[in-house]
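Note: the block below is work.pdb and it holds PDB, C-alpha atoms, pLDDT in the B column.
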ATOM      1  CA  MET B   8     -16.069  66.694 -69.906  1.00 79.00           C
ATOM      2  CA  TYR B   9     -14.159  69.712 -71.091  1.00 83.00           C
ATOM      3  CA  LEU B  10     -15.278  73.314 -71.024  1.00 87.00           C
ATOM      4  CA  ASN B  11     -14.049  75.335 -73.947  1.00 90.00           C
ATOM      5  CA  LEU B  12     -14.855  78.823 -72.731  1.00 93.00           C
ATOM      6  CA  SER B  13     -14.127  82.040 -74.571  1.00 94.00           C
ATOM      7  CA  HIS B  14     -11.945  84.630 -72.888  1.00 91.00           C
ATOM      8  CA  LEU B  15     -15.034  86.741 -72.111  1.00 92.00           C
ATOM      9  CA  GLN B  16     -16.898  83.800 -70.547  1.00 95.00           C
ATOM     10  CA  ALA B  17     -13.873  82.879 -68.409  1.00 96.00           C
ATOM     11  CA  ALA B  18     -13.450  86.511 -67.329  1.00 95.00           C
ATOM     12  CA  LEU B  19     -17.169  86.749 -66.445  1.00 96.00           C
ATOM     13  CA  LEU B  20     -16.975  83.609 -64.300  1.00 97.00           C
ATOM     14  CA  PHE B  21     -13.777  84.787 -62.621  1.00 97.00           C
ATOM     15  CA  ALA B  22     -15.359  88.182 -61.866  1.00 97.00           C
ATOM     16  CA  LEU B  23     -18.520  86.531 -60.514  1.00 98.00           C
ATOM     17  CA  PHE B  24     -16.771  84.174 -58.088  1.00 98.00           C
ATOM     18  CA  THR B  25     -14.195  86.725 -56.961  1.00 98.00           C
ATOM     19  CA  SER B  26     -16.741  89.487 -56.373  1.00 98.00           C
ATOM     20  CA  ILE B  27     -18.903  87.125 -54.278  1.00 98.00           C
ATOM     21  CA  VAL B  28     -15.950  86.315 -51.995  1.00 98.00           C
ATOM     22  CA  LEU B  29     -14.736  89.920 -51.769  1.00 98.00           C
ATOM     23  CA  GLY B  30     -18.306  91.082 -51.120  1.00 97.00           C
ATOM     24  CA  VAL B  31     -18.789  88.555 -48.298  1.00 97.00           C
ATOM     25  CA  ILE B  32     -15.532  89.315 -46.497  1.00 97.00           C
ATOM     26  CA  GLY B  33     -15.161  92.994 -47.362  1.00 95.00           C
ATOM     27  CA  ARG B  34     -17.983  94.605 -45.407  1.00 94.00           C
ATOM     28  CA  ASN B  35     -19.832  94.216 -42.121  1.00 92.00           C
ATOM     29  CA  THR B  36     -23.558  94.253 -42.950  1.00 95.00           C
ATOM     30  CA  ASP B  37     -25.516  92.243 -45.511  1.00 95.00           C
ATOM     31  CA  ARG B  38     -26.591  95.363 -47.377  1.00 96.00           C
ATOM     32  CA  GLU B  39     -23.019  96.665 -47.579  1.00 97.00           C
ATOM     33  CA  ARG B  40     -21.794  93.232 -48.672  1.00 97.00           C
ATOM     34  CA  MET B  41     -24.306  93.122 -51.524  1.00 97.00           C
ATOM     35  CA  GLN B  42     -23.417  96.650 -52.643  1.00 97.00           C
ATOM     36  CA  TYR B  43     -19.687  96.007 -52.427  1.00 98.00           C
ATOM     37  CA  GLY B  44     -19.972  92.712 -54.333  1.00 97.00           C
ATOM     38  CA  LEU B  45     -21.908  94.418 -57.146  1.00 98.00           C
ATOM     39  CA  TYR B  46     -19.427  97.299 -57.119  1.00 97.00           C
ATOM     40  CA  VAL B  47     -16.448  94.938 -57.481  1.00 97.00           C
ATOM     41  CA  PHE B  48     -18.214  92.950 -60.208  1.00 98.00           C
ATOM     42  CA  GLY B  49     -19.016  96.153 -62.099  1.00 97.00           C
ATOM     43  CA  TYR B  50     -15.389  97.273 -61.973  1.00 97.00           C
ATOM     44  CA  PHE B  51     -14.201  93.856 -63.134  1.00 97.00           C
ATOM     45  CA  MET B  52     -16.517  94.134 -66.145  1.00 96.00           C
ATOM     46  CA  LEU B  53     -15.450  97.696 -66.813  1.00 97.00           C
ATOM     47  CA  ALA B  54     -11.798  96.600 -66.763  1.00 96.00           C
ATOM     48  CA  VAL B  55     -12.470  93.609 -69.067  1.00 94.00           C
ATOM     49  CA  VAL B  56     -14.381  95.649 -71.657  1.00 93.00           C
ATOM     50  CA  GLY B  57     -12.149  98.728 -71.335  1.00 95.00           C
ATOM     51  CA  LEU B  58      -8.881  96.800 -71.661  1.00 93.00           C
ATOM     52  CA  GLY B  59     -10.385  94.771 -74.509  1.00 91.00           C
ATOM     53  CA  TRP B  60     -11.126  97.926 -76.494  1.00 94.00           C
ATOM     54  CA  LEU B  61      -7.716  99.378 -75.554  1.00 95.00           C
ATOM     55  CA  MET B  62      -5.983  96.291 -76.962  1.00 93.00           C
ATOM     56  CA  TYR B  63      -8.213  96.372 -80.046  1.00 92.00           C
ATOM     57  CA  PHE B  64      -7.248  99.965 -80.839  1.00 93.00           C
ATOM     58  CA  GLY B  65      -3.645  99.331 -79.765  1.00 93.00           C
ATOM     59  CA  HIS B  66      -3.325  96.709 -82.474  1.00 88.00           C
ATOM     60  CA  GLY B  67      -4.311  99.344 -85.019  1.00 69.00           C
TER      61      GLY B  67
ATOM     62  CA  MET R  23       7.397 106.352 -23.076  1.00 56.00           C
ATOM     63  CA  LYS R  24       4.665 103.787 -22.923  1.00 59.00           C
ATOM     64  CA  GLN R  25       5.177 100.723 -25.042  1.00 60.00           C
ATOM     65  CA  THR R  26       2.188  98.958 -26.537  1.00 61.00           C
ATOM     66  CA  LYS R  27       2.482  95.216 -26.618  1.00 61.00           C
ATOM     67  CA  SER R  28       0.517  93.381 -29.294  1.00 69.00           C
ATOM     68  CA  SER R  29      -1.264  90.392 -27.840  1.00 83.00           C
ATOM     69  CA  ILE R  30      -2.178  87.361 -29.883  1.00 86.00           C
ATOM     70  CA  PRO R  31      -5.591  85.968 -28.959  1.00 92.00           C
ATOM     71  CA  PRO R  32      -5.553  82.484 -27.393  1.00 94.00           C
ATOM     72  CA  VAL R  33      -5.047  79.745 -29.998  1.00 94.00           C
ATOM     73  CA  GLY R  34      -8.089  77.868 -28.750  1.00 94.00           C
ATOM     74  CA  GLN R  35     -10.243  80.822 -29.741  1.00 95.00           C
ATOM     75  CA  TRP R  36      -9.376  80.762 -33.445  1.00 96.00           C
ATOM     76  CA  ALA R  37      -7.638  77.454 -34.286  1.00 97.00           C
ATOM     77  CA  ALA R  38     -10.779  75.461 -35.074  1.00 98.00           C
ATOM     78  CA  PRO R  39     -12.368  78.003 -37.476  1.00 97.00           C
ATOM     79  CA  VAL R  40      -9.023  78.585 -39.212  1.00 98.00           C
ATOM     80  CA  VAL R  41      -8.298  74.870 -39.728  1.00 98.00           C
ATOM     81  CA  LEU R  42     -11.882  74.105 -40.758  1.00 98.00           C
ATOM     82  CA  GLY R  43     -11.892  77.114 -43.076  1.00 98.00           C
ATOM     83  CA  TRP R  44      -8.768  75.828 -44.785  1.00 98.00           C
ATOM     84  CA  LEU R  45     -10.036  72.262 -45.090  1.00 98.00           C
ATOM     85  CA  LEU R  46     -13.462  73.232 -46.425  1.00 98.00           C
ATOM     86  CA  PRO R  47     -14.022  76.666 -47.980  1.00 98.00           C
ATOM     87  CA  GLY R  48     -16.555  78.432 -45.736  1.00 98.00           C
ATOM     88  CA  GLY R  49     -16.043  75.792 -43.026  1.00 98.00           C
ATOM     89  CA  GLY R  50     -14.753  78.334 -40.523  1.00 98.00           C
ATOM     90  CA  HIS R  51     -17.874  80.433 -41.032  1.00 98.00           C
ATOM     91  CA  PHE R  52     -20.091  77.366 -40.618  1.00 98.00           C
ATOM     92  CA  TYR R  53     -18.277  76.580 -37.335  1.00 98.00           C
ATOM     93  CA  LEU R  54     -18.977  80.155 -36.191  1.00 98.00           C
ATOM     94  CA  ARG R  55     -22.640  79.755 -37.230  1.00 97.00           C
ATOM     95  CA  LYS R  56     -22.386  82.293 -40.045  1.00 97.00           C
ATOM     96  CA  TRP R  57     -24.389  80.018 -42.304  1.00 97.00           C
ATOM     97  CA  ASN R  58     -25.192  82.367 -45.188  1.00 97.00           C
ATOM     98  CA  ARG R  59     -21.663  83.716 -45.494  1.00 97.00           C
ATOM     99  CA  GLY R  60     -20.244  80.203 -45.274  1.00 98.00           C
ATOM    100  CA  ALA R  61     -22.572  78.964 -48.003  1.00 98.00           C
ATOM    101  CA  LEU R  62     -21.662  81.865 -50.307  1.00 98.00           C
ATOM    102  CA  LEU R  63     -17.940  81.286 -49.747  1.00 98.00           C
ATOM    103  CA  LEU R  64     -18.281  77.544 -50.301  1.00 98.00           C
ATOM    104  CA  GLY R  65     -20.292  78.066 -53.495  1.00 98.00           C
ATOM    105  CA  ALA R  66     -17.955  80.683 -54.947  1.00 98.00           C
ATOM    106  CA  ILE R  67     -14.619  79.024 -54.043  1.00 98.00           C
ATOM    107  CA  ALA R  68     -15.694  75.462 -54.854  1.00 98.00           C
ATOM    108  CA  GLY R  69     -17.331  76.770 -58.045  1.00 98.00           C
ATOM    109  CA  MET R  70     -14.116  78.434 -59.148  1.00 98.00           C
ATOM    110  CA  PHE R  71     -12.144  75.261 -58.345  1.00 98.00           C
ATOM    111  CA  VAL R  72     -14.565  73.002 -60.265  1.00 97.00           C
ATOM    112  CA  PHE R  73     -14.541  75.290 -63.300  1.00 97.00           C
ATOM    113  CA  GLY R  74     -10.731  75.213 -63.122  1.00 97.00           C
ATOM    114  CA  LEU R  75     -10.844  71.405 -63.283  1.00 96.00           C
ATOM    115  CA  LEU R  76     -13.385  71.433 -66.126  1.00 96.00           C
ATOM    116  CA  MET R  77     -11.110  73.772 -68.069  1.00 95.00           C
ATOM    117  CA  ARG R  78      -8.290  71.238 -67.525  1.00 94.00           C
ATOM    118  CA  GLY R  79      -6.169  73.519 -65.400  1.00 95.00           C
ATOM    119  CA  ARG R  80      -2.849  72.194 -64.185  1.00 94.00           C
ATOM    120  CA  MET R  81      -1.959  71.638 -60.527  1.00 95.00           C
ATOM    121  CA  PHE R  82       1.427  73.067 -59.560  1.00 95.00           C
ATOM    122  CA  GLU R  83       4.143  70.990 -57.933  1.00 93.00           C
ATOM    123  CA  PRO R  84       6.765  72.338 -55.508  1.00 94.00           C
ATOM    124  CA  ILE R  85       9.616  72.398 -58.005  1.00 92.00           C
ATOM    125  CA  SER R  86      12.749  74.398 -57.288  1.00 90.00           C
ATOM    126  CA  GLY R  87      15.153  75.744 -59.868  1.00 92.00           C
ATOM    127  CA  ASP R  88      16.075  79.280 -60.839  1.00 95.00           C
ATOM    128  CA  LEU R  89      14.348  82.087 -58.941  1.00 96.00           C
ATOM    129  CA  PHE R  90      11.468  82.472 -61.421  1.00 95.00           C
ATOM    130  CA  THR R  91      10.770  78.724 -61.560  1.00 94.00           C
ATOM    131  CA  THR R  92      10.855  78.446 -57.778  1.00 96.00           C
ATOM    132  CA  VAL R  93       8.563  81.431 -57.162  1.00 96.00           C
ATOM    133  CA  VAL R  94       6.022  80.406 -59.811  1.00 95.00           C
ATOM    134  CA  ASN R  95       5.860  76.737 -58.860  1.00 95.00           C
ATOM    135  CA  TRP R  96       5.959  77.158 -55.080  1.00 96.00           C
ATOM    136  CA  GLY R  97       3.501  80.074 -55.255  1.00 96.00           C
ATOM    137  CA  GLY R  98       1.140  78.072 -57.431  1.00 97.00           C
ATOM    138  CA  TYR R  99       1.517  75.024 -55.206  1.00 97.00           C
ATOM    139  CA  ILE R 100       0.653  77.038 -52.088  1.00 97.00           C
ATOM    140  CA  GLY R 101      -2.379  78.470 -53.927  1.00 97.00           C
ATOM    141  CA  ASP R 102      -3.526  74.988 -54.939  1.00 97.00           C
ATOM    142  CA  VAL R 103      -3.050  73.486 -51.458  1.00 98.00           C
ATOM    143  CA  ALA R 104      -4.925  76.436 -49.909  1.00 98.00           C
ATOM    144  CA  THR R 105      -8.173  75.007 -51.327  1.00 98.00           C
ATOM    145  CA  GLY R 106      -7.818  72.277 -48.678  1.00 97.00           C
ATOM    146  CA  ALA R 107      -9.978  69.198 -49.148  1.00 97.00           C
ATOM    147  CA  LEU R 108     -10.825  70.159 -52.750  1.00 98.00           C
ATOM    148  CA  TYR R 109      -7.145  69.883 -53.705  1.00 97.00           C
ATOM    149  CA  PHE R 110      -6.541  66.678 -51.753  1.00 97.00           C
ATOM    150  CA  LEU R 111      -9.729  65.085 -53.137  1.00 97.00           C
ATOM    151  CA  ALA R 112      -8.852  65.969 -56.733  1.00 97.00           C
ATOM    152  CA  SER R 113      -5.293  64.660 -56.275  1.00 95.00           C
ATOM    153  CA  TRP R 114      -6.493  61.504 -54.508  1.00 96.00           C
ATOM    154  CA  LEU R 115      -8.969  60.805 -57.327  1.00 96.00           C
ATOM    155  CA  GLY R 116      -6.081  60.989 -59.766  1.00 94.00           C
ATOM    156  CA  TYR R 117      -6.609  64.392 -61.369  1.00 94.00           C
ATOM    157  CA  GLU R 118      -3.474  65.244 -63.289  1.00 89.00           C
ATOM    158  CA  GLN R 119      -2.975  67.472 -66.292  1.00 87.00           C
ATOM    159  CA  PRO R 120       0.127  68.022 -68.343  1.00 83.00           C
ATOM    160  CA  GLN R 121       0.898  71.585 -69.371  1.00 77.00           C
ATOM    161  CA  LEU R 122      -1.340  72.085 -72.408  1.00 76.00           C
ATOM    162  CA  ALA R 123      -0.782  74.618 -75.158  1.00 79.00           C
ATOM    163  CA  SER R 124      -4.287  75.973 -74.724  1.00 88.00           C
ATOM    164  CA  ALA R 125      -5.518  79.338 -73.500  1.00 91.00           C
ATOM    165  CA  VAL R 126      -8.533  77.734 -71.795  1.00 92.00           C
ATOM    166  CA  ALA R 127      -6.350  75.264 -69.845  1.00 94.00           C
ATOM    167  CA  ASP R 128      -4.179  78.202 -68.803  1.00 94.00           C
ATOM    168  CA  TYR R 129      -7.273  80.036 -67.519  1.00 95.00           C
ATOM    169  CA  GLY R 130      -8.164  76.821 -65.671  1.00 96.00           C
ATOM    170  CA  THR R 131      -4.766  76.791 -63.955  1.00 96.00           C
ATOM    171  CA  LYS R 132      -5.368  80.364 -62.799  1.00 96.00           C
ATOM    172  CA  PHE R 133      -8.864  79.462 -61.571  1.00 98.00           C
ATOM    173  CA  LEU R 134      -7.404  76.647 -59.431  1.00 97.00           C
ATOM    174  CA  VAL R 135      -4.771  78.889 -57.858  1.00 98.00           C
ATOM    175  CA  CYS R 136      -7.157  81.834 -57.370  1.00 98.00           C
ATOM    176  CA  ALA R 137      -9.687  79.552 -55.634  1.00 98.00           C
ATOM    177  CA  GLY R 138      -6.956  78.852 -53.072  1.00 98.00           C
ATOM    178  CA  LEU R 139      -6.035  82.513 -52.709  1.00 98.00           C
ATOM    179  CA  LEU R 140      -9.697  83.420 -52.159  1.00 98.00           C
ATOM    180  CA  ASN R 141      -9.879  80.669 -49.543  1.00 98.00           C
ATOM    181  CA  ILE R 142      -6.941  82.252 -47.714  1.00 98.00           C
ATOM    182  CA  LEU R 143      -8.969  85.505 -47.568  1.00 98.00           C
ATOM    183  CA  ALA R 144     -11.968  83.534 -46.267  1.00 98.00           C
ATOM    184  CA  VAL R 145      -9.796  81.914 -43.562  1.00 98.00           C
ATOM    185  CA  ILE R 146      -8.516  85.346 -42.472  1.00 98.00           C
ATOM    186  CA  ASP R 147     -12.127  86.545 -42.293  1.00 98.00           C
ATOM    187  CA  ALA R 148     -13.052  83.529 -40.128  1.00 98.00           C
ATOM    188  CA  TYR R 149     -10.086  84.336 -37.851  1.00 97.00           C
ATOM    189  CA  GLU R 150     -11.224  87.957 -37.468  1.00 97.00           C
ATOM    190  CA  ILE R 151     -14.757  86.864 -36.630  1.00 97.00           C
ATOM    191  CA  ALA R 152     -13.473  84.274 -34.130  1.00 97.00           C
ATOM    192  CA  VAL R 153     -11.339  86.806 -32.220  1.00 96.00           C
ATOM    193  CA  GLY R 154     -14.114  89.409 -32.220  1.00 95.00           C
ATOM    194  CA  GLU R 155     -12.598  91.896 -34.663  1.00 94.00           C
ATOM    195  CA  LYS R 156     -15.562  91.546 -37.037  1.00 92.00           C
ATOM    196  CA  PRO R 157     -19.270  90.861 -36.538  1.00 91.00           C
TER     197      PRO R 157
END

Step by step, read the file and then write its structure as structure tokens.
Amino acid sequence: MYLNLSHLQAALLFALFTSIVLGVIGRNTDRERMQYGLYVFGYFMLAVVGLGWLMYFGHG
Amino acid sequence: MKQTKSSIPPVGQWAAPVVLGWLLPGGGHFYLRKWNRGALLLGAIAGMFVFGLLMRGRMFEPISGDLFTTVVNWGGYIGDVATGALYFLASWLGYEQPQLASAVADYGTKFLVCAGLLNILAVIDAYEIAVGEKP
């Protein structure tokens, strides 16, 4: 079995797993953990889309 | 002038959660009866590792050479080994990938190493819980 993911799919998966771990270990209450995990995931997505557009325009 | 002396908590207090956390992602949290956190860590770290395998990521070997080669290979090797039983199981079952000229396989290699780095963070969290620095 071989997964042939696109860059976006791989980045989404990476952001999902990483934000879960950072959310769990980064705060002290369940509510804060959930908020922090979503916050980190949102910033990952913002960085992926933002840098994607930056590279698109950078290529001219 | 008063000197503050940093004291390391007794090894018996944190050794078991740290070792278990390394061997099985989330294992330290399970040992400390933090079931939900342990399950989330296990799911996320093992998930990242399995996706790394499915993307045919490469496991690093401790190869020395020039500075760049040494840092990359030893760093990657430490990241891979930090996934504990997942790494040893995959190696024992014969998982081996040559370096492929494929972007997806390269992402897979990063997934495998990052799973280990996330597990190191989880082990540190288990340590802090065990010594009472975190709830």

What lies within 10 Å of R:Gln35 using all atoms listed in the file, ignoring chain neighbours under 5 positions off, as a PDB file with C-alpha atoms, in the coordinates of the input?
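File produced: around34.pdb:
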ATOM      1  CA  VAL R  40      -9.023  78.585 -39.212  1.00 98.00           C
ATOM      2  CA  TYR R 149     -10.086  84.336 -37.851  1.00 97.00           C
ATOM      3  CA  ALA R 152     -13.473  84.274 -34.130  1.00 97.00           C
ATOM      4  CA  VAL R 153     -11.339  86.806 -32.220  1.00 96.00           C
ATOM      5  CA  GLY R 154     -14.114  89.409 -32.220  1.00 95.00           C
TER       6      GLY R 154
END

Stretch 136-143 of chain R, all listed atoms, 3 Å padding on each side: what axis-aligned box centre and edge lengths in Å to one decimal come out, as AutoDock Vina command-line options?
--center_x -8.0 --center_y 82.2 --center_z -52.5 --size_x 9.8 --size_y 12.7 --size_z 15.8

- Task: Report as a list of chain:residue names the full result of the PyMOL selection byres ((chain B and resi 46) around 12) when it is applied to this structure.
- Result: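 Written out, the selection comes to B:Ala22, B:Leu23, B:Thr25, B:Ser26, B:Ile27, B:Leu29, B:Gly30, B:Gly33, B:Glu39, B:Arg40, B:Met41, B:Gln42, B:Tyr43, B:Gly44, B:Leu45, B:Val47, B:Phe48, B:Gly49, B:Tyr50, B:Phe51, B:Met52, B:Leu53.
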
Pick out the residues sitting within 9 Å of R:Phe73, and hand them over as a PDB file with C-alpha atoms, in the frame of the given file; count all atoms listed in the file, and ignore anything fewer than 5 positions along from it in its own chain.
ATOM      1  CA  LEU B  10     -15.278  73.314 -71.024  1.00 87.00           C
ATOM      2  CA  LEU B  20     -16.975  83.609 -64.300  1.00 97.00           C
TER       3      LEU B  20
ATOM      4  CA  ALA R  68     -15.694  75.462 -54.854  1.00 98.00           C
ATOM      5  CA  ARG R  78      -8.290  71.238 -67.525  1.00 94.00           C
ATOM      6  CA  GLY R  79      -6.169  73.519 -65.400  1.00 95.00           C
ATOM      7  CA  GLY R 130      -8.164  76.821 -65.671  1.00 96.00           C
ATOM      8  CA  PHE R 133      -8.864  79.462 -61.571  1.00 98.00           C
ATOM      9  CA  LEU R 134      -7.404  76.647 -59.431  1.00 97.00           C
TER      10      LEU R 134
END

Chain R residues near chain B (7 Å cut-off, all atoms listed in the file) as a list in words: Arg59, Leu63, Ala66, Ile67, Met70, Leu76, Met77, Val126, Leu140, Ala144, Asp147 and Pro157 of chain R

Judged by all atoms listed in the file, the minimum distance to R:Val41 among R:Gly87, R:Ala112, R:Ala104, R:Gln119 is found for R:Ala104

Complete the atoms of stretch 20-51 of chain B to N, CA and C atoms and put them out as an mmCIF file, in the coordinates of the input.
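The file below, rebuild-v4.cif, is the result:
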data_model
loop_
_atom_site.group_PDB
_atom_site.id
_atom_site.type_symbol
_atom_site.label_atom_id
_atom_site.label_comp_id
_atom_site.auth_asym_id
_atom_site.auth_seq_id
_atom_site.Cartn_x
_atom_site.Cartn_y
_atom_site.Cartn_z
ATOM 1 N N LEU B 20 -16.924 84.565 -65.411
ATOM 2 C CA LEU B 20 -16.975 83.609 -64.300
ATOM 3 C C LEU B 20 -16.000 84.002 -63.202
ATOM 4 N N PHE B 21 -14.792 84.375 -63.599
ATOM 5 C CA PHE B 21 -13.777 84.787 -62.621
ATOM 6 C C PHE B 21 -14.282 85.992 -61.818
ATOM 7 N N ALA B 22 -14.854 86.978 -62.535
ATOM 8 C CA ALA B 22 -15.359 88.182 -61.866
ATOM 9 C C ALA B 22 -16.502 87.828 -60.918
ATOM 10 N N LEU B 23 -17.370 86.916 -61.341
ATOM 11 C CA LEU B 23 -18.520 86.531 -60.514
ATOM 12 C C LEU B 23 -18.051 85.902 -59.197
ATOM 13 N N PHE B 24 -17.212 84.880 -59.297
ATOM 14 C CA PHE B 24 -16.771 84.174 -58.088
ATOM 15 C C PHE B 24 -15.954 85.088 -57.179
ATOM 16 N N THR B 25 -15.063 85.857 -57.774
ATOM 17 C CA THR B 25 -14.195 86.725 -56.961
ATOM 18 C C THR B 25 -15.000 87.824 -56.277
ATOM 19 N N SER B 26 -15.971 88.401 -56.988
ATOM 20 C CA SER B 26 -16.741 89.487 -56.373
ATOM 21 C C SER B 26 -17.648 88.956 -55.259
ATOM 22 N N ILE B 27 -18.113 87.711 -55.375
ATOM 23 C CA ILE B 27 -18.903 87.125 -54.278
ATOM 24 C C ILE B 27 -18.039 87.034 -53.011
ATOM 25 N N VAL B 28 -16.825 86.484 -53.172
ATOM 26 C CA VAL B 28 -15.950 86.315 -51.995
ATOM 27 C C VAL B 28 -15.560 87.675 -51.418
ATOM 28 N N LEU B 29 -15.143 88.607 -52.276
ATOM 29 C CA LEU B 29 -14.736 89.920 -51.769
ATOM 30 C C LEU B 29 -15.918 90.655 -51.134
ATOM 31 N N GLY B 30 -17.112 90.467 -51.704
ATOM 32 C CA GLY B 30 -18.306 91.082 -51.120
ATOM 33 C C GLY B 30 -18.584 90.522 -49.734
ATOM 34 N N VAL B 31 -18.488 89.199 -49.589
ATOM 35 C CA VAL B 31 -18.789 88.555 -48.298
ATOM 36 C C VAL B 31 -17.808 88.985 -47.210
ATOM 37 N N ILE B 32 -16.524 89.044 -47.553
ATOM 38 C CA ILE B 32 -15.532 89.315 -46.497
ATOM 39 C C ILE B 32 -15.189 90.800 -46.357
ATOM 40 N N GLY B 33 -15.636 91.609 -47.326
ATOM 41 C CA GLY B 33 -15.161 92.994 -47.362
ATOM 42 C C GLY B 33 -15.948 93.992 -46.549
ATOM 43 N N ARG B 34 -17.157 93.647 -46.136
ATOM 44 C CA ARG B 34 -17.983 94.605 -45.407
ATOM 45 C C ARG B 34 -18.660 93.938 -44.217
ATOM 46 N N ASN B 35 -19.328 94.751 -43.393
ATOM 47 C CA ASN B 35 -19.832 94.216 -42.121
ATOM 48 C C ASN B 35 -21.339 93.968 -42.050
ATOM 49 N N THR B 36 -22.119 94.531 -42.972
ATOM 50 C CA THR B 36 -23.558 94.253 -42.950
ATOM 51 C C THR B 36 -23.960 93.631 -44.285
ATOM 52 N N ASP B 37 -25.095 92.933 -44.287
ATOM 53 C CA ASP B 37 -25.516 92.243 -45.511
ATOM 54 C C ASP B 37 -25.738 93.227 -46.664
ATOM 55 N N ARG B 38 -26.335 94.360 -46.341
ATOM 56 C CA ARG B 38 -26.591 95.363 -47.377
ATOM 57 C C ARG B 38 -25.282 95.891 -47.987
ATOM 58 N N GLU B 39 -24.331 96.184 -47.106
ATOM 59 C CA GLU B 39 -23.019 96.665 -47.579
ATOM 60 C C GLU B 39 -22.301 95.587 -48.386
ATOM 61 N N ARG B 40 -22.453 94.339 -47.959
ATOM 62 C CA ARG B 40 -21.794 93.232 -48.672
ATOM 63 C C ARG B 40 -22.341 93.119 -50.091
ATOM 64 N N MET B 41 -23.672 93.207 -50.204
ATOM 65 C CA MET B 41 -24.306 93.122 -51.524
ATOM 66 C C MET B 41 -23.829 94.268 -52.419
ATOM 67 N N GLN B 42 -23.838 95.476 -51.860
ATOM 68 C CA GLN B 42 -23.417 96.650 -52.643
ATOM 69 C C GLN B 42 -21.954 96.534 -53.063
ATOM 70 N N TYR B 43 -21.120 96.096 -52.129
ATOM 71 C CA TYR B 43 -19.687 96.007 -52.427
ATOM 72 C C TYR B 43 -19.416 94.919 -53.471
ATOM 73 N N GLY B 44 -20.131 93.794 -53.353
ATOM 74 C CA GLY B 44 -19.972 92.712 -54.333
ATOM 75 C C GLY B 44 -20.352 93.185 -55.734
ATOM 76 N N LEU B 45 -21.484 93.897 -55.845
ATOM 77 C CA LEU B 45 -21.908 94.418 -57.146
ATOM 78 C C LEU B 45 -20.917 95.456 -57.678
ATOM 79 N N TYR B 46 -20.411 96.266 -56.771
ATOM 80 C CA TYR B 46 -19.427 97.299 -57.119
ATOM 81 C C TYR B 46 -18.162 96.654 -57.699
ATOM 82 N N VAL B 47 -17.661 95.622 -57.015
ATOM 83 C CA VAL B 47 -16.448 94.938 -57.481
ATOM 84 C C VAL B 47 -16.709 94.270 -58.827
ATOM 85 N N PHE B 48 -17.882 93.616 -58.948
ATOM 86 C CA PHE B 48 -18.214 92.950 -60.208
ATOM 87 C C PHE B 48 -18.285 93.965 -61.355
ATOM 88 N N GLY B 49 -18.901 95.102 -61.083
ATOM 89 C CA GLY B 49 -19.016 96.153 -62.099
ATOM 90 C C GLY B 49 -17.648 96.635 -62.561
ATOM 91 N N TYR B 50 -16.731 96.809 -61.605
ATOM 92 C CA TYR B 50 -15.389 97.273 -61.973
ATOM 93 C C TYR B 50 -14.607 96.208 -62.726
ATOM 94 N N PHE B 51 -14.826 94.937 -62.366
ATOM 95 C CA PHE B 51 -14.201 93.856 -63.134
ATOM 96 C C PHE B 51 -14.654 93.930 -64.594
#
